[in-house]
Every structure is written in C-alpha cells, then in structure tokens.
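Below: one structure, written as structure tokens.
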Amino acid sequence: GLPGCGKSTISHIVAKKLRNVGYNVNELTYVLDHEYSKGMRKTFKLLYSCKFFLENNKLFRKIKYIILKCKGRIRVNQIINVMYKCWSYNSSGKYDFLVWDEGIMQSAVSISVDDAPEYSGIIAAEILETVAGKCKVIGIYLDFPIELAVSRMKIRNTKDSRADKLQEQEKELFLENYQKGLCTLEYCIHITDYEMQLEEMAQMIVQYILKEKNL
C-alpha cells in the first residue's frame, strides 16, 4: 500500500496474533525499521545482501537481471533493499510465517516508481518465482486514497520514506505513480475499507492466512 496507509501497524498486529496461537514468525522489515537506528538498518541490509550474494550468487545475478531487463538501471540502495529480503526467503525454513510490512512486491514498486511503475507487477512476479521456492506468498493490498496517505504522513512519528522528503506537489505525483505500480501487482486480499478497525482488519487477514496454510 501507499506510505502512511498503516502497513507496519497492521502487519505487526497480524504477527502478534499468529504468535499467540503458537506460530514462529519472522518480522524482519518491522524489526529493522522499529528497533534499529537508520545507520544500523543500512548496515544489516547490506550485510544480508552480501550474504545472499556470497551464498546464492547465481540467484543474485538472476534477480539483478530481472530488474535491469525491465528498468535498464537501478540504484545501489534499491538493489540492496530487494536482495536482503531475497536472502531472508532463502533462510525461511525455521519459520512458519514471514510477515513483512514491505515485502518483495512493495520493493518492486519502489524500484519502478520513478520512471516505470507499469513494470512493478512483472518485476515482483519474476523475483518471487525465483526466490520464494515452496513458500506460499500472500499479498495484501491496503488500497486507500492518496489524500488519506498524505494526511497520515503528516502526523506519523517516522519521516524516513522517500515520499516524506518531497514537497507537496512532488509528493502527490510520486504517490500517483506509486499507486499505478501497486495496481499492477497480484493480491490475495484487497482491502478498500479504510474506516475498518485495525484489529478487525488484522483478524480478517489472519483468518485468511490460516485457512490457506491448512489447504
């Protein structure tokens, strides 16, 4: 979903609910963003990306090729933001669930938003097909209005996203492109009711996840 739509809050509630019924849950992106400084986050992401490069060089190069094929170029921080998550997929065996507020699909949109948002879905699908393996991927789209995202961004505590650093006019254009990218992805759960209580939203997501796990 868009910056400010509540991804972190809801994903954390979902993770806690899953733990409460006995599951082992990885919350890599939430933990990095909420328990470490900006400098430490960058260090861990770089470390995990390097581990992925060293342990799975063939996969690393294939994913880089997927991105460059669609985009033509990519910034170093963007490749790191994707690769550290790919490493976590490959190390997911000891967990029942990976619950991320910003997973591979979100990263694909961030990579593409500046000049090619229409390629977000292709990039996400090909990367997930490459790294997810036996993991079942459940994408959840919090499809909330841009106006709501802007108003929430103004009052939230953290100001680390790219959108936070933009002027108002640039921010709206950025969010419009971001939304275009989000619309190209494939989701299992599509939530449009932004007035729904967070607990209710999280419970609906958990029920869906557990139902899928038991299929």
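Every chain in the structure tokens has a letter given in the order shown (A, B, ...), and although residue numbers restart at 1 in each chain, ligands are simply numbered from 1 in the order shown.
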
Per residue of segment 13-116 of chain A within 9 Å of segment 132-154 of chain A, record the nearest atom pair and its distance in Å to one decimal, counting only C-alpha atoms, with rows in chain order and ascending residue number, as a tab-separated table.
```
residue	atom	partner	partner_atom	distance
A:Cys86	CA	A:Ala132	CA	8.1
A:Tyr89	CA	A:Ala132	CA	6.1
A:Asn90	CA	A:Ala132	CA	7.5
A:Ser92	CA	A:Cys135	CA	8.5
A:Phe97	CA	A:Cys135	CA	8.9
A:Gly103	CA	A:Gly139	CA	8.9
A:Met105	CA	A:Gly139	CA	7.8
```

query: What residues in segment 42-189 of chain A get the DSSP label strand (DSSP E)? Please answer as a list in words.
result: Phe97, Leu98, Ile140, Tyr141, Leu142 and Ile189 of chain A

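Closest approach to Cys183 of chain A among A:Glu212, A:Glu118, A:Glu195, A:Asp160: A:Glu118, based on only C-alpha atoms.
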
- request: Quick one: everything within 10 Å of Lys17 of chain A, counting only C-alpha atoms, minus sequence neighbours fewer than 6 positions away in the same chain. Send it as a ChimeraX atom specification.
  value: /A:11,23,199,202-203,206

message: Can you tell me, as a PyMOL selection string, which residues in segment 7-179 of chain A count as helix (DSSP H, G or I) by DSSP?
response: chain A and resi 7-20+28-35+38-55+57-71+76-90+92-94+104-112+117-131+146-155+163-165+168-179

- prompt: atom CA of Arg75 of chain A to atom CA of Lys42 of chain A: how many Å, to one decimal?
  reply: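 Atom CA of Lys42 of chain A lies 14.4 Å from atom CA of Arg75 of chain A.
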
d(atom CA of Lys165 of chain A, atom CA of Lys69 of chain A) in Å: 28.8 Å

task: Give me, please, the distance in Å between atom CA of Ile189 of chain A and atom CA of Leu210 of chain A, quoted to one decimal.
output: 13.4 Å

- prompt: For Lys71 of chain A, which of A:Leu175, A:Glu102, A:Lys58, A:Ser110 is the closest residue, counting only C-alpha atoms?
  reply: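 Closest to Lys71 of chain A, using only C-alpha atoms: A:Ser110.
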
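Ranking A:Asn56, A:Asn20, A:Gln207, A:Thr184 by their shortest atom-to-atom distance to Ala108 of chain A, with only C-alpha atoms included, puts A:Thr184 first.
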
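Here the question is which of A:Ile74, A:Leu68, A:Leu98, A:Val31 gets nearest to Thr9 of chain A using only C-alpha atoms, and that residue is A:Val31.
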
Counting only C-alpha atoms, the residue of A:Val82, A:Ile209, A:Cys70, A:Val99 that sits nearest Ser8 of chain A: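 Going through A:Val82, A:Ile209, A:Cys70, A:Val99 one by one, the smallest distance to Ser8 of chain A is for A:Val99.
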
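Of the listed residues (A:Gln197, A:Asn177, A:Ser37, A:Ser91), A:Asn177 comes nearest to Pro117 of chain A; the distances count only C-alpha atoms.
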
field: Contacts of Lys94 of chain A within 10 Å, only C-alpha atoms, excl. fewer than 5 positions in-chain, as a VMD selection string
entry: chain A and resid 24 to 26
